[in-house]
file model10.tsv (TSV, C-alpha atoms and all ligand atoms)
chain	number	residue	atom	x	y	z
A	286	MET	CA	-13.34	-93.31	-39.25
A	287	ASN	CA	-15.69	-90.56	-37.98
A	288	LEU	CA	-19.12	-90.95	-36.38
A	289	GLY	CA	-20.92	-89.98	-39.59
A	290	GLN	CA	-19.23	-92.82	-41.49
A	291	LEU	CA	-20.04	-95.28	-38.70
A	292	LEU	CA	-23.74	-94.56	-39.16
A	293	GLN	CA	-23.60	-95.09	-42.93
A	294	HIS	CA	-23.79	-98.12	-45.17
A	295	GLY	CA	-20.36	-99.58	-45.89
A	296	GLN	CA	-21.45	-101.09	-49.22
A	297	PRO	CA	-22.65	-99.23	-52.33
A	298	HIS	CA	-26.43	-99.30	-52.81
A	299	PRO	CA	-27.62	-100.72	-56.15
A	300	ASP	CA	-30.07	-97.83	-56.80
A	301	THR	CA	-28.15	-94.72	-55.76
A	302	GLU	CA	-24.75	-93.19	-55.21
A	303	GLY	CA	-26.15	-91.24	-52.25
A	304	ARG	CA	-24.73	-91.96	-48.81
A	305	LEU	CA	-27.27	-93.97	-46.84
A	306	ILE	CA	-27.88	-94.03	-43.10
A	307	ALA	CA	-27.84	-97.66	-41.99
A	308	HIS	CA	-28.10	-97.38	-38.20
A	309	ALA	CA	-31.39	-95.75	-37.31
A	310	ARG	CA	-31.07	-95.72	-33.51
A	311	GLY	CA	-27.47	-94.52	-33.72
A	312	TYR	CA	-28.59	-91.73	-36.05
A	313	GLU	CA	-31.32	-90.66	-33.62
A	314	LEU	CA	-28.78	-90.47	-30.79
A	315	PHE	CA	-26.34	-88.56	-33.01
A	316	GLY	CA	-29.13	-86.14	-34.01
A	317	ALA	CA	-30.11	-85.46	-30.40
A	318	VAL	CA	-26.50	-84.73	-29.37
A	319	PHE	CA	-25.62	-82.84	-32.55
A	320	PHE	CA	-28.57	-80.45	-32.16
A	321	GLY	CA	-27.79	-79.95	-28.47
A	322	GLY	CA	-31.42	-80.26	-27.41
A	323	LEU	CA	-32.72	-77.94	-30.14
A	324	ARG	CA	-33.83	-80.65	-32.57
A	325	PRO	CA	-37.56	-80.72	-31.61
A	326	HIS	CA	-37.83	-76.94	-31.89
A	327	ALA	CA	-35.84	-76.83	-35.15
A	328	TYR	CA	-37.96	-79.48	-36.87
A	329	VAL	CA	-41.31	-78.03	-35.76
A	330	ARG	CA	-40.04	-74.77	-37.25
A	331	LEU	CA	-39.16	-76.54	-40.53
A	332	ALA	CA	-42.68	-77.99	-40.67
A	333	ARG	CA	-44.10	-74.45	-40.26
A	334	LEU	CA	-41.69	-73.01	-42.84
A	335	SER	CA	-42.83	-75.60	-45.39
A	336	GLY	CA	-46.22	-73.87	-45.48
A	337	ALA	CA	-48.03	-77.23	-45.24
A	338	ARG	CA	-51.70	-76.83	-44.31
A	339	PRO	CA	-54.36	-79.24	-43.06
A	340	GLY	CA	-55.39	-81.57	-45.88
A	341	ASP	CA	-52.17	-81.19	-47.92
A	342	ARG	CA	-50.39	-84.11	-49.60
A	343	VAL	CA	-46.73	-83.98	-48.58
A	344	LEU	CA	-43.65	-85.82	-49.77
A	345	GLU	CA	-40.43	-85.90	-47.77
A	346	VAL	CA	-37.32	-86.92	-49.71
A	347	GLY	CA	-34.61	-88.60	-47.61
A	348	CYS	CA	-36.86	-88.98	-44.56
A	349	GLY	CA	-34.33	-90.99	-42.54
A	350	THR	CA	-35.84	-91.92	-39.17
A	351	GLY	CA	-39.03	-89.94	-39.88
A	352	TYR	CA	-38.33	-87.12	-37.43
A	353	LEU	CA	-39.56	-84.41	-39.79
A	354	THR	CA	-42.11	-86.70	-41.46
A	355	ARG	CA	-44.04	-87.08	-38.19
A	356	ARG	CA	-44.03	-83.31	-37.66
A	357	MET	CA	-45.32	-82.83	-41.19
A	358	ALA	CA	-48.10	-85.33	-40.37
A	359	ASN	CA	-49.12	-83.13	-37.42
A	360	ALA	CA	-49.16	-80.10	-39.74
A	361	VAL	CA	-51.45	-81.66	-42.37
A	362	GLY	CA	-53.71	-83.48	-39.89
A	363	PRO	CA	-55.71	-86.66	-40.51
A	364	GLY	CA	-57.30	-85.16	-43.65
A	365	GLY	CA	-53.88	-84.87	-45.31
A	366	SER	CA	-51.16	-87.38	-46.07
A	367	VAL	CA	-47.40	-87.56	-45.73
A	368	LEU	CA	-45.11	-89.97	-47.55
A	369	GLY	CA	-41.47	-90.28	-46.49
A	370	ILE	CA	-39.05	-91.93	-48.88
A	371	ASP	CA	-35.48	-93.04	-48.30
A	372	PRO	CA	-33.28	-95.68	-50.01
A	373	SER	CA	-32.22	-97.15	-46.65
A	374	ALA	CA	-34.47	-100.10	-45.73
A	375	GLU	CA	-33.21	-99.84	-42.14
A	376	VAL	CA	-34.46	-96.28	-41.55
A	377	ILE	CA	-37.74	-97.00	-43.33
A	378	ALA	CA	-38.39	-99.99	-41.02
A	379	TYR	CA	-37.54	-97.83	-37.98
A	380	SER	CA	-39.81	-94.98	-39.16
A	381	ARG	CA	-42.73	-97.34	-39.67
A	382	ARG	CA	-42.33	-98.70	-36.13
A	383	LYS	CA	-42.16	-95.19	-34.65
A	384	THR	CA	-45.15	-93.71	-36.48
A	385	PRO	CA	-48.66	-94.17	-35.11
A	386	GLU	CA	-50.30	-91.63	-37.46
A	387	PRO	CA	-52.24	-93.60	-40.11
A	388	HIS	CA	-51.94	-90.76	-42.64
A	389	CYS	CA	-48.12	-90.96	-42.51
A	390	SER	CA	-46.41	-93.69	-44.55
A	391	TYR	CA	-42.92	-94.64	-45.68
A	392	GLU	CA	-41.45	-96.30	-48.77
A	393	THR	CA	-37.95	-97.08	-49.95
A	394	GLY	CA	-36.99	-94.89	-52.89
A	395	VAL	CA	-34.43	-92.44	-54.23
A	396	GLY	CA	-34.76	-88.70	-54.69
A	397	GLU	CA	-33.21	-88.74	-58.17
A	398	ALA	CA	-35.92	-91.06	-59.56
A	399	LEU	CA	-39.13	-90.52	-57.59
A	400	ASP	CA	-41.78	-93.20	-57.95
A	401	ALA	CA	-44.68	-90.71	-58.09
A	402	SER	CA	-46.89	-89.18	-60.77
A	403	ASP	CA	-46.41	-85.66	-62.06
A	404	GLY	CA	-48.09	-83.02	-59.91
A	405	SER	CA	-49.15	-85.44	-57.19
A	406	PHE	CA	-48.05	-83.44	-54.10
A	407	ASP	CA	-48.90	-80.03	-52.62
A	408	VAL	CA	-45.67	-79.77	-50.64
A	409	VAL	CA	-42.24	-81.39	-50.91
A	410	VAL	CA	-39.74	-81.16	-48.05
A	411	THR	CA	-36.20	-82.41	-47.70
A	412	ALA	CA	-33.87	-81.92	-44.72
A	413	LEU	CA	-30.18	-82.75	-44.31
A	414	THR	CA	-30.35	-84.90	-47.44
A	415	MET	CA	-28.88	-82.87	-50.29
A	416	HIS	CA	-25.38	-83.17	-48.85
A	417	HIS	CA	-25.84	-86.97	-48.83
A	418	LEU	CA	-26.14	-86.91	-52.63
A	419	PRO	CA	-23.12	-86.61	-54.91
A	420	GLU	CA	-23.05	-83.15	-56.55
A	421	VAL	CA	-24.16	-84.52	-59.91
A	422	LEU	CA	-27.39	-85.95	-58.43
A	423	ARG	CA	-28.51	-82.81	-56.57
A	424	PRO	CA	-29.97	-81.04	-59.64
A	425	VAL	CA	-31.55	-84.32	-60.80
A	426	ALA	CA	-33.30	-84.76	-57.44
A	427	LEU	CA	-34.51	-81.14	-57.44
A	428	ARG	CA	-35.97	-81.55	-60.94
A	429	GLU	CA	-37.79	-84.65	-59.70
A	430	MET	CA	-39.21	-82.67	-56.75
A	431	TYR	CA	-40.41	-80.06	-59.26
A	432	ARG	CA	-42.03	-82.73	-61.43
A	433	VAL	CA	-44.04	-84.32	-58.61
A	434	LEU	CA	-45.27	-80.98	-57.19
A	435	ARG	CA	-48.55	-79.60	-58.55
A	436	PRO	CA	-48.41	-76.13	-60.11
A	437	GLY	CA	-48.44	-73.71	-57.17
A	438	GLY	CA	-46.99	-76.40	-54.88
A	439	ARG	CA	-44.32	-75.49	-52.31
A	440	LEU	CA	-40.81	-76.77	-51.67
A	441	LEU	CA	-38.73	-76.51	-48.50
A	442	VAL	CA	-35.08	-77.57	-48.68
A	443	ALA	CA	-33.12	-77.46	-45.43
A	444	ASP	CA	-29.54	-78.53	-45.09
A	445	PHE	CA	-26.47	-78.31	-42.94
A	446	ARG	CA	-24.89	-74.90	-42.52
A	447	PRO	CA	-21.22	-75.47	-41.72
A	448	PRO	CA	-19.95	-73.58	-38.67
A	449	ARG	CA	-18.27	-70.25	-39.32
A	450	THR	CA	-15.48	-70.55	-36.78
A	451	ARG	CA	-12.42	-72.70	-37.37
A	452	PRO	CA	-12.43	-74.61	-34.02
A	453	VAL	CA	-16.07	-75.68	-34.45
A	454	ARG	CA	-15.38	-76.58	-38.08
A	455	HIS	CA	-12.57	-78.87	-36.88
A	456	LEU	CA	-14.98	-80.46	-34.44
A	457	ILE	CA	-17.49	-81.12	-37.23
A	458	THR	CA	-14.77	-82.60	-39.47
A	459	ALA	CA	-13.72	-84.94	-36.65
A	460	SER	CA	-17.26	-86.02	-35.76
A	461	ALA	CA	-19.18	-85.90	-39.05
A	462	GLY	CA	-16.52	-85.66	-41.74
A	463	HIS	CA	-15.01	-83.34	-44.31
A	464	VAL	CA	-18.08	-83.28	-46.60
A	465	MET	CA	-20.27	-81.77	-43.90
A	466	ALA	CA	-17.64	-79.37	-42.57
A	467	ASN	CA	-17.05	-77.93	-46.07
A	468	TYR	CA	-20.53	-78.21	-47.55
A	469	ARG	CA	-21.52	-75.27	-49.85
A	470	VAL	CA	-25.09	-74.88	-48.62
A	471	ASP	CA	-25.20	-71.42	-50.25
A	472	LEU	CA	-25.24	-73.09	-53.69
A	473	LEU	CA	-28.70	-74.55	-53.06
A	474	ASP	CA	-30.57	-71.39	-54.06
A	475	GLY	CA	-29.11	-71.49	-57.57
A	476	LEU	CA	-29.75	-75.21	-57.97
A	477	ILE	CA	-33.36	-74.79	-56.85
A	478	ALA	CA	-33.92	-71.91	-59.29
A	479	ASP	CA	-32.27	-73.91	-62.11
A	480	ALA	CA	-34.72	-76.76	-61.47
A	481	GLY	CA	-37.56	-74.35	-62.39
A	482	PHE	CA	-38.68	-73.13	-58.96
A	483	GLU	CA	-39.37	-69.56	-57.85
A	484	VAL	CA	-37.23	-69.02	-54.75
A	485	ARG	CA	-39.41	-67.18	-52.22
A	486	GLY	CA	-37.42	-67.14	-49.00
A	487	ARG	CA	-34.33	-68.30	-47.18
A	488	GLY	CA	-32.95	-68.22	-43.68
A	489	GLU	CA	-31.41	-70.14	-40.84
A	490	VAL	CA	-32.76	-72.36	-38.10
A	491	ARG	CA	-30.54	-72.79	-35.08
A	492	PRO	CA	-28.17	-74.40	-34.55
A	493	TRP	CA	-27.09	-75.81	-37.93
A	494	LEU	CA	-29.70	-75.46	-40.61
A	495	ARG	CA	-30.08	-73.19	-43.59
A	496	TYR	CA	-33.34	-73.39	-45.52
A	497	VAL	CA	-34.72	-72.26	-48.87
A	498	GLN	CA	-38.46	-71.87	-49.53
A	499	ALA	CA	-39.58	-72.13	-53.14
A	500	ALA	CA	-42.66	-72.78	-55.23
A	501	ARG	CA	-43.60	-74.21	-58.57
A	502	SER	CA	-45.33	-71.48	-60.53
A	503	GLU	CA	-49.13	-71.74	-60.96
A	504	ARG	CA	-48.68	-71.20	-64.69
A	505	THR	CA	-46.41	-74.19	-65.41
A	506	SER	CA	-47.85	-77.24	-67.08
B	601	LIG	C1	-28.63	-87.00	-42.64
B	601	LIG	S1	-29.96	-88.02	-43.09
B	601	LIG	C2	-31.35	-86.92	-42.89
B	601	LIG	C3	-32.59	-87.66	-42.46
B	601	LIG	C4	-33.78	-86.77	-42.10
B	601	LIG	N1	-34.25	-86.02	-43.23
B	601	LIG	C5	-33.44	-85.84	-40.98
B	601	LIG	O1	-33.47	-84.62	-41.18
B	601	LIG	O2	-33.14	-86.34	-39.88
B	601	LIG	C6	-29.82	-88.12	-44.87
B	601	LIG	C7	-30.75	-89.16	-45.48
B	601	LIG	O3	-30.61	-89.13	-46.90
B	601	LIG	C8	-30.80	-90.47	-47.33
B	601	LIG	N2	-30.35	-90.61	-48.73
B	601	LIG	C9	-29.15	-90.97	-49.21
B	601	LIG	N3	-29.19	-91.05	-50.55
B	601	LIG	C10	-30.44	-90.70	-50.92
B	601	LIG	C11	-31.10	-90.60	-52.20
B	601	LIG	N4	-30.47	-90.87	-53.32
B	601	LIG	N5	-32.40	-90.24	-52.20
B	601	LIG	C12	-33.06	-89.95	-51.05
B	601	LIG	N6	-32.48	-90.04	-49.83
B	601	LIG	C13	-31.19	-90.41	-49.77
B	601	LIG	C14	-30.01	-91.28	-46.32
B	601	LIG	O4	-30.30	-92.66	-46.30
B	601	LIG	C15	-30.38	-90.58	-45.02
B	601	LIG	O5	-31.49	-91.18	-44.39

call {"tool": "encode", "arguments": {"input": "model10.tsv", "output": "structure tokens"}}
result
Amino acid sequence: MNLGQLLQHGQPHPDTEGRLIAHARGYELFGAVFFGGLRPHAYVRLARLSGARPGDRVLEVGCGTGYLTRRMANAVGPGGSVLGIDPSAEVIAYSRRKTPEPHCSYETGVGEALDASDGSFDVVVTALTMHHLPEVLRPVALREMYRVLRPGGRLLVADFRPPRTRPVRHLITASAGHVMANYRVDLLDGLIADAGFEVRGRGEVRPWLRYVQAARSERTS
């Protein structure tokens, strides 16, 4: 068993086939080590790349321990709002304890069936979550993100970019598992476009993230 599996739920969840994080504090420790000290910088950068502005309503899908959610709350300020959703009750409880910002809240929920009205957010973000969904659910979750964004709203999807060198890839397989080491993050652009979005940018954030910026067209109903 690798470290990634140790942090996950052993039992299937009744509402999703996604792989859930069950051990919030263990995940935080793993994240700190895995990013080699670059996690704060990387996540502040993601918040900037999302294009969120003061006053925006933001949804984060697969918020985990709320690390990005809190940075999104700083970006939108007290006049905005951020909602983080995740099917794992353990990480939601942890995130609520860790979050003093009153305009930042958390609910249990799944990305493939969002409990939100059409067009109710200005920005949707999701980080390191798509690879936790089985392939068949990834397009479903992206279509849901499209549905809940207002026309003109922005999407930021960031996910794990597997290492390019074989020795580091072996290290990732041993520590986090085969799925992460062989993840096809390059397929995200096509999935995002197929969900109806205009892809507007892409790039990498050190050490492990690849991101895609997209928007829902102003003209869509
Ligand atoms: C690797 S963690 C990423 C957490 C956080 N976004 C971050 O960047 O630290 C992946 C998260 O996806 C969540 N997840 C699994 N299945 C999901 C689903 N169907 N919908 C939304 N989130 C899901 C897991 O519980 C876990 O918290």

call {"tool": "residues_around", "arguments": {"input": "model10.tsv", "residues": "Ser502 of chain A", "least_positions_apart": "5", "cutoff": "9 Å", "atoms": "only C-alpha atoms", "output": "PyMOL selection string"}}
result
chain A and resi 435-438+481-483

call {"tool": "residues_around", "arguments": {"input": "model10.tsv", "residues": "Leu331 of chain A", "least_positions_apart": "4", "cutoff": "12 Å", "atoms": "only C-alpha atoms", "output": "ChimeraX atom specification"}}
result
/A:324-327,335-337,345,352-357,360,409-413,440-444,487-491,494-498

call {"tool": "write_last_selection", "arguments": {"input": "model10.tsv", "atoms": "C-alpha atoms", "output": "PDB file, keeping the file's coordinate frame"}}
result
ATOM      1  CA  ARG A 324     -33.830 -80.650 -32.570  1.00  0.00           C
ATOM      2  CA  PRO A 325     -37.560 -80.720 -31.610  1.00  0.00           C
ATOM      3  CA  HIS A 326     -37.830 -76.940 -31.890  1.00  0.00           C
ATOM      4  CA  ALA A 327     -35.840 -76.830 -35.150  1.00  0.00           C
ATOM      5  CA  SER A 335     -42.830 -75.600 -45.390  1.00  0.00           C
ATOM      6  CA  GLY A 336     -46.220 -73.870 -45.480  1.00  0.00           C
ATOM      7  CA  ALA A 337     -48.030 -77.230 -45.240  1.00  0.00           C
ATOM      8  CA  GLU A 345     -40.430 -85.900 -47.770  1.00  0.00           C
ATOM      9  CA  TYR A 352     -38.330 -87.120 -37.430  1.00  0.00           C
ATOM     10  CA  LEU A 353     -39.560 -84.410 -39.790  1.00  0.00           C
ATOM     11  CA  THR A 354     -42.110 -86.700 -41.460  1.00  0.00           C
ATOM     12  CA  ARG A 355     -44.040 -87.080 -38.190  1.00  0.00           C
ATOM     13  CA  ARG A 356     -44.030 -83.310 -37.660  1.00  0.00           C
ATOM     14  CA  MET A 357     -45.320 -82.830 -41.190  1.00  0.00           C
ATOM     15  CA  ALA A 360     -49.160 -80.100 -39.740  1.00  0.00           C
ATOM     16  CA  VAL A 409     -42.240 -81.390 -50.910  1.00  0.00           C
ATOM     17  CA  VAL A 410     -39.740 -81.160 -48.050  1.00  0.00           C
ATOM     18  CA  THR A 411     -36.200 -82.410 -47.700  1.00  0.00           C
ATOM     19  CA  ALA A 412     -33.870 -81.920 -44.720  1.00  0.00           C
ATOM     20  CA  LEU A 413     -30.180 -82.750 -44.310  1.00  0.00           C
ATOM     21  CA  LEU A 440     -40.810 -76.770 -51.670  1.00  0.00           C
ATOM     22  CA  LEU A 441     -38.730 -76.510 -48.500  1.00  0.00           C
ATOM     23  CA  VAL A 442     -35.080 -77.570 -48.680  1.00  0.00           C
ATOM     24  CA  ALA A 443     -33.120 -77.460 -45.430  1.00  0.00           C
ATOM     25  CA  ASP A 444     -29.540 -78.530 -45.090  1.00  0.00           C
ATOM     26  CA  ARG A 487     -34.330 -68.300 -47.180  1.00  0.00           C
ATOM     27  CA  GLY A 488     -32.950 -68.220 -43.680  1.00  0.00           C
ATOM     28  CA  GLU A 489     -31.410 -70.140 -40.840  1.00  0.00           C
ATOM     29  CA  VAL A 490     -32.760 -72.360 -38.100  1.00  0.00           C
ATOM     30  CA  ARG A 491     -30.540 -72.790 -35.080  1.00  0.00           C
ATOM     31  CA  LEU A 494     -29.700 -75.460 -40.610  1.00  0.00           C
ATOM     32  CA  ARG A 495     -30.080 -73.190 -43.590  1.00  0.00           C
ATOM     33  CA  TYR A 496     -33.340 -73.390 -45.520  1.00  0.00           C
ATOM     34  CA  VAL A 497     -34.720 -72.260 -48.870  1.00  0.00           C
ATOM     35  CA  GLN A 498     -38.460 -71.870 -49.530  1.00  0.00           C
TER      36      GLN A 498
END

call {"tool": "closest_residue", "arguments": {"input": "model10.tsv", "among": "A:Glu420, A:Asp403, A:Asp371, A:Glu429", "to": "ligand LIG 601 (chain B)", "atoms": "only C-alpha atoms and all ligand atoms"}}
result
A:Asp371

call {"tool": "axis_aligned_box", "arguments": {"input": "model10.tsv", "around": "ligand LIG 601 (chain B)", "padding_each_side": "3 Å", "output": "AutoDock Vina command-line options"}}
result
--center_x -31.4 --center_y -88.6 --center_z -46.6 --size_x 11.6 --size_y 14.0 --size_z 19.4

call {"tool": "closest_residue", "arguments": {"input": "model10.tsv", "among": "A:Leu334, A:Ala478, A:Leu418, A:Leu292", "to": "ligand LIG 601 (chain B)", "atoms": "all atoms listed in the file"}}
result
A:Leu418

call {"tool": "residues_near_ligand", "arguments": {"input": "model10.tsv", "ligand": "ligand LIG 601 (chain B)", "cutoff": "8 Å", "atoms": "all atoms listed in the file", "output": "VMD selection string"}}
result
chain A and resid 293 300 to 307 313 316 345 to 353 370 to 373 376 394 to 397 411 to 418 422 426

call {"tool": "residues_around", "arguments": {"input": "model10.tsv", "residues": "Gly362 of chain A", "least_positions_apart": "2", "cutoff": "9 Å", "atoms": "only C-alpha atoms", "output": "number ranges by chain"}}
result
A: 338-341, 357-360, 364-366, 388

call {"tool": "closest_residue", "arguments": {"input": "model10.tsv", "among": "A:Gly486, A:Trp493, A:Val361, A:Arg446", "to": "Val470 of chain A", "atoms": "all atoms listed in the file"}}
result
A:Arg446

call {"tool": "closest_residue", "arguments": {"input": "model10.tsv", "among": "A:Gly475, A:Gly404, A:Gly369, A:Gly295", "to": "Glu392 of chain A", "atoms": "all atoms listed in the file"}}
result
A:Gly369

call {"tool": "closest_residue", "arguments": {"input": "model10.tsv", "among": "A:Ala480, A:Gln296, A:Leu368, A:Glu503", "to": "Pro424 of chain A", "atoms": "all atoms listed in the file"}}
result
A:Ala480

call {"tool": "closest_residue", "arguments": {"input": "model10.tsv", "among": "A:Thr393, A:Ser380, A:Asn287, A:Ser405", "to": "Arg342 of chain A", "atoms": "only C-alpha atoms"}}
result
A:Ser405

call {"tool": "atom_distance", "arguments": {"input": "model10.tsv", "atom1": "atom CA of Leu476 of chain A", "atom2": "atom CA of Arg428 of chain A"}}
result
9.4 Å

call {"tool": "residues_near_point", "arguments": {"input": "model10.tsv", "point": "(-20.7, -80.0, -42.0)", "cutoff": "8 Å", "atoms": "only C-alpha atoms", "output": "list in words"}}
result
Phe445, Arg446, Pro447, Pro448, Arg454, Ile457, Thr458, Ala461, Gly462, His463, Val464, Met465, Ala466, Asn467 and Tyr468 of chain A

call {"tool": "write_last_selection", "arguments": {"input": "model10.tsv", "atoms": "C-alpha atoms", "output": "short mmCIF file (atom, residue, chain, number, x, y, z; two decimals), keeping the file's coordinate frame"}}
result
data_model
loop_
_atom_site.label_atom_id
_atom_site.label_comp_id
_atom_site.auth_asym_id
_atom_site.auth_seq_id
_atom_site.Cartn_x
_atom_site.Cartn_y
_atom_site.Cartn_z
CA PHE A 445 -26.47 -78.31 -42.94
CA ARG A 446 -24.89 -74.90 -42.52
CA PRO A 447 -21.22 -75.47 -41.72
CA PRO A 448 -19.95 -73.58 -38.67
CA ARG A 454 -15.38 -76.58 -38.08
CA ILE A 457 -17.49 -81.12 -37.23
CA THR A 458 -14.77 -82.60 -39.47
CA ALA A 461 -19.18 -85.90 -39.05
CA GLY A 462 -16.52 -85.66 -41.74
CA HIS A 463 -15.01 -83.34 -44.31
CA VAL A 464 -18.08 -83.28 -46.60
CA MET A 465 -20.27 -81.77 -43.90
CA ALA A 466 -17.64 -79.37 -42.57
CA ASN A 467 -17.05 -77.93 -46.07
CA TYR A 468 -20.53 -78.21 -47.55
#

call {"tool": "atom_distance", "arguments": {"input": "model10.tsv", "atom1": "atom CA of Arg469 of chain A", "atom2": "atom CA of Val421 of chain A"}}
result
13.9 Å

call {"tool": "atom_distance", "arguments": {"input": "model10.tsv", "atom1": "atom CA of Thr384 of chain A", "atom2": "atom CA of Ala317 of chain A"}}
result
18.2 Å
